[in-house]
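Participant: Handing you a structure now.
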Amino acid sequence: MQSVWTLLSWGPEGWLDDIAYGVFVTLSLALAILPFGLLIGFFVAVAKQSPEPSLRLAGTIYTTIFRGLPELLTLLLIYYGAQITIQNVLHLFDPQAQVEVNSFVSGMVALGLVFSSYASEVFLSAFRAIPRGQYEGGYAIGLTKGQTMRLVILPQLIRIALAGLSNLWLILLKDTSLVSVIGLAETLRQAGIAARVTKHAFLFYGVAGLVYLVLAIISSIGINAIERAVGKQEAQR
């Protein structure tokens with residue numbers, strides 16, 4: 001029987017290189033989702049506070065759906081639903097056509113939609129915390145709506161929303177483990193493969209848990225540094 005140190009070594013007899021690749025995929029997926037989710041979440045929040053009733057309704061429906069469905073169910077619906085839809089469209093032109101949806105893209109879209117629905121609520125709360133006079137002050141000095149949003153509102157919005165978005169980032173890191181069910185070779189899937197092959201389930205799932213814990217600690221350190229930097233900039237104004 002192989003020793004623990006052999007199993008956790010690099011090279012053909014060890015599994016550390018496979019787990020390291022899984023960590024790379026986990027981080028790549030989370031970093032790909034972050035801007036996608038933040039951008040959609042911001043525009044959904046703008047829609048939910050719009051004077052136009054149809055936009056408010058659309059934003060409310062969006063957040064209700066993706067906050068209400070379990071993340072795993074959303075992932076499966078996106079993965080298999082997209083595959084079936086694309087295949088049915090291709091069959092109109094070629095009945096023999098077969099298609100397989102990329103699991104990374106499916107995971108990015110599904111988790112991005114979920115992330116954006118929660119991020120929109122954080123942004124919406126931040127918008128409501130900014131006094132209406134800030135908008136009026138921007139208009140009074142001749143700024144357009146776009147300039148007021150970019151120069152006056154957004155800096156305050158980011159500062160107010162930062163704590164809530166930081167929590168969502170930590171949740172997102174953990175949620176990336178869900179994509180293992182659609183075959184993406186991220187941290188948990190690689191640990192699961194190692195556990196099945198070597199019969200050392202506790203060891204490799206323990207390593208996976210340690211990886212997520214280390215990522216959370218590093219993220220927390222980075223978030224604290226960003227919060228301090230934002231606080232210093234605010235104090236200098």
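Residues are named by chain letter and number: chains run A, B, ... in the order of the structure tokens, numbers start at 1 in each chain, and ligands are numbered from 1 in the order shown.
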Name all residues at most 9 Å from Asp175 of chain A (count only C-alpha atoms; drop same-chain ones fewer than 2 positions away) and give them as number ranges by chain.

Facilitator: A: 30, 71-72, 111, 170-173, 177-179

Participant: Using DSSP on the backbone, list every residue of segment 73-216 of chain A that comes out as alpha helix (DSSP H), and give them as a ChimeraX atom specification.

Facilitator: /A:73-91,103-129,132-140,145-147,154-175,187-198,201-216

Participant: Mind pulling up the distance from atom CA of Ala191 of chain A to atom CA of Phe204 of chain A?

Facilitator: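 It comes out at 5.3 Å.
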
Participant: Could you give me, as a VMD selection string, the residues within 12 Å of Gln98 of chain A, counting only C-alpha atoms and dropping anything in the same chain fewer than 4 positions from it?

Facilitator: chain A and resid 83 to 91 93 to 94

Participant: Take the residues that were just selected and, keeping N, CA and C atoms, output them as a PDB file, in the first residue's frame.

Facilitator:
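The new file again35.pdb reads:
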```
ATOM      1  N   GLN A  83     -27.833  21.968 -24.058  1.00  0.00           N
ATOM      2  CA  GLN A  83     -27.421  20.891 -24.954  1.00  0.00           C
ATOM      3  C   GLN A  83     -28.599  20.422 -25.812  1.00  0.00           C
ATOM      4  N   ILE A  84     -29.756  20.247 -25.184  1.00  0.00           N
ATOM      5  CA  ILE A  84     -30.945  19.796 -25.915  1.00  0.00           C
ATOM      6  C   ILE A  84     -31.402  20.862 -26.911  1.00  0.00           C
ATOM      7  N   THR A  85     -31.405  22.125 -26.477  1.00  0.00           N
ATOM      8  CA  THR A  85     -31.862  23.209 -27.353  1.00  0.00           C
ATOM      9  C   THR A  85     -30.972  23.337 -28.588  1.00  0.00           C
ATOM     10  N   ILE A  86     -29.655  23.366 -28.377  1.00  0.00           N
ATOM     11  CA  ILE A  86     -28.729  23.507 -29.511  1.00  0.00           C
ATOM     12  C   ILE A  86     -28.842  22.313 -30.447  1.00  0.00           C
ATOM     13  N   GLN A  87     -28.993  21.120 -29.855  1.00  0.00           N
ATOM     14  CA  GLN A  87     -29.090  19.922 -30.685  1.00  0.00           C
ATOM     15  C   GLN A  87     -30.364  19.927 -31.514  1.00  0.00           C
ATOM     16  N   ASN A  88     -31.480  20.372 -30.929  1.00  0.00           N
ATOM     17  CA  ASN A  88     -32.738  20.431 -31.678  1.00  0.00           C
ATOM     18  C   ASN A  88     -32.651  21.435 -32.826  1.00  0.00           C
ATOM     19  N   VAL A  89     -31.958  22.556 -32.585  1.00  0.00           N
ATOM     20  CA  VAL A  89     -31.785  23.548 -33.654  1.00  0.00           C
ATOM     21  C   VAL A  89     -30.920  22.973 -34.775  1.00  0.00           C
ATOM     22  N   LEU A  90     -29.828  22.299 -34.418  1.00  0.00           N
ATOM     23  CA  LEU A  90     -28.953  21.714 -35.435  1.00  0.00           C
ATOM     24  C   LEU A  90     -29.653  20.617 -36.227  1.00  0.00           C
ATOM     25  N   HIS A  91     -30.573  19.896 -35.574  1.00  0.00           N
ATOM     26  CA  HIS A  91     -31.288  18.811 -36.264  1.00  0.00           C
ATOM     27  C   HIS A  91     -32.190  19.334 -37.366  1.00  0.00           C
ATOM     28  N   PHE A  93     -31.196  21.294 -39.575  1.00  0.00           N
ATOM     29  CA  PHE A  93     -30.331  21.360 -40.746  1.00  0.00           C
ATOM     30  C   PHE A  93     -29.622  20.032 -41.017  1.00  0.00           C
ATOM     31  N   ASP A  94     -29.317  19.312 -39.940  1.00  0.00           N
ATOM     32  CA  ASP A  94     -28.613  18.034 -40.076  1.00  0.00           C
ATOM     33  C   ASP A  94     -29.131  17.067 -39.013  1.00  0.00           C
TER      34      ASP A  94
END
```

Participant: Using only C-alpha atoms, tabulate the residues of segment 97-122 of chain A lying at most 9 Å from any atom of segment 51-64 of chain A, each with its closest atom pair and that distance in Å to one decimal, by chain and increasing residue number, as CSV.

Facilitator:
```
residue,atom,partner,partner_atom,distance
A:Val114,CA,A:Thr63,CA,8.4
A:Ser116,CA,A:Thr63,CA,8.3
A:Ser117,CA,A:Thr63,CA,4.8
A:Tyr118,CA,A:Thr63,CA,7.3
A:Ser120,CA,A:Thr63,CA,7.8
A:Glu121,CA,A:Thr63,CA,8.2
```

Participant: Residues at most 12 Å from Leu184 of chain A, counting only C-alpha atoms, excluding those fewer than 2 positions away in the same chain, as a PyMOL selection string?

Facilitator: chain A and resi 21-26+28-29+79+101-108+176-182+186-190+192-193

Participant: Mind dumping the selected residues with C-alpha atoms as a short mmCIF file (atom, residue, chain, number, x, y, z; two decimals), in the first residue's frame?

Facilitator:
```
data_model
loop_
_atom_site.label_atom_id
_atom_site.label_comp_id
_atom_site.auth_asym_id
_atom_site.auth_seq_id
_atom_site.Cartn_x
_atom_site.Cartn_y
_atom_site.Cartn_z
CA TYR A 21 -4.89 21.37 -11.77
CA GLY A 22 -8.28 21.14 -10.09
CA VAL A 23 -7.44 24.20 -7.96
CA PHE A 24 -6.45 26.06 -11.13
CA VAL A 25 -9.81 25.20 -12.73
CA THR A 26 -11.66 26.24 -9.55
CA SER A 28 -10.37 30.12 -13.24
CA LEU A 29 -14.09 29.39 -13.02
CA TYR A 79 -26.12 22.23 -18.88
CA VAL A 101 -21.96 21.67 -24.33
CA ASN A 102 -18.72 22.73 -22.66
CA SER A 103 -18.99 22.11 -18.92
CA PHE A 104 -16.82 25.13 -18.03
CA VAL A 105 -19.06 27.51 -19.99
CA SER A 106 -22.21 25.89 -18.58
CA GLY A 107 -20.86 26.22 -15.04
CA MET A 108 -19.86 29.84 -15.65
CA THR A 176 -17.71 26.03 -7.84
CA SER A 177 -17.54 22.52 -6.37
CA LEU A 178 -21.03 21.90 -7.81
CA VAL A 179 -19.67 21.76 -11.36
CA SER A 180 -18.07 18.41 -10.53
CA VAL A 181 -21.47 16.82 -11.28
CA ILE A 182 -21.22 17.85 -14.96
CA GLU A 186 -12.14 21.12 -10.57
CA THR A 187 -10.82 20.54 -7.05
CA LEU A 188 -13.62 18.35 -5.68
CA ARG A 189 -13.84 16.16 -8.77
CA GLN A 190 -10.10 15.56 -8.83
CA GLY A 192 -13.10 12.35 -5.75
CA ILE A 193 -11.25 10.54 -8.53
#
```

Participant: Could you please determine the separation between atom CA of Val122 of chain A and atom CA of Leu34 of chain A in Å, to one decimal place?

Facilitator: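 Computing the Euclidean distance for atom CA of Val122 of chain A and atom CA of Leu34 of chain A yields 14.2 Å.
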
Participant: Find, counting only C-alpha atoms, the residue in A:Ala229, A:Ala208, A:Leu113, A:Leu143 that gets nearest to Asp18 of chain A.

Facilitator: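 Of A:Ala229, A:Ala208, A:Leu113, A:Leu143, the one nearest Asp18 of chain A is A:Ala208, counting only C-alpha atoms.
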
Participant: When you look at segment 131-140 of chain A with a cut-off of 10 Å (counting only C-alpha atoms), what residues show up, excluding the ones that are within fewer than 2 positions of it in the same chain? I need them as a list in words.

Facilitator: Phe127, Arg128, Ala129, Gly142, Leu143, Thr144, Lys145, Gln147, Thr148, Met149, Leu151, Val152, Ile153 and Gln156 of chain A
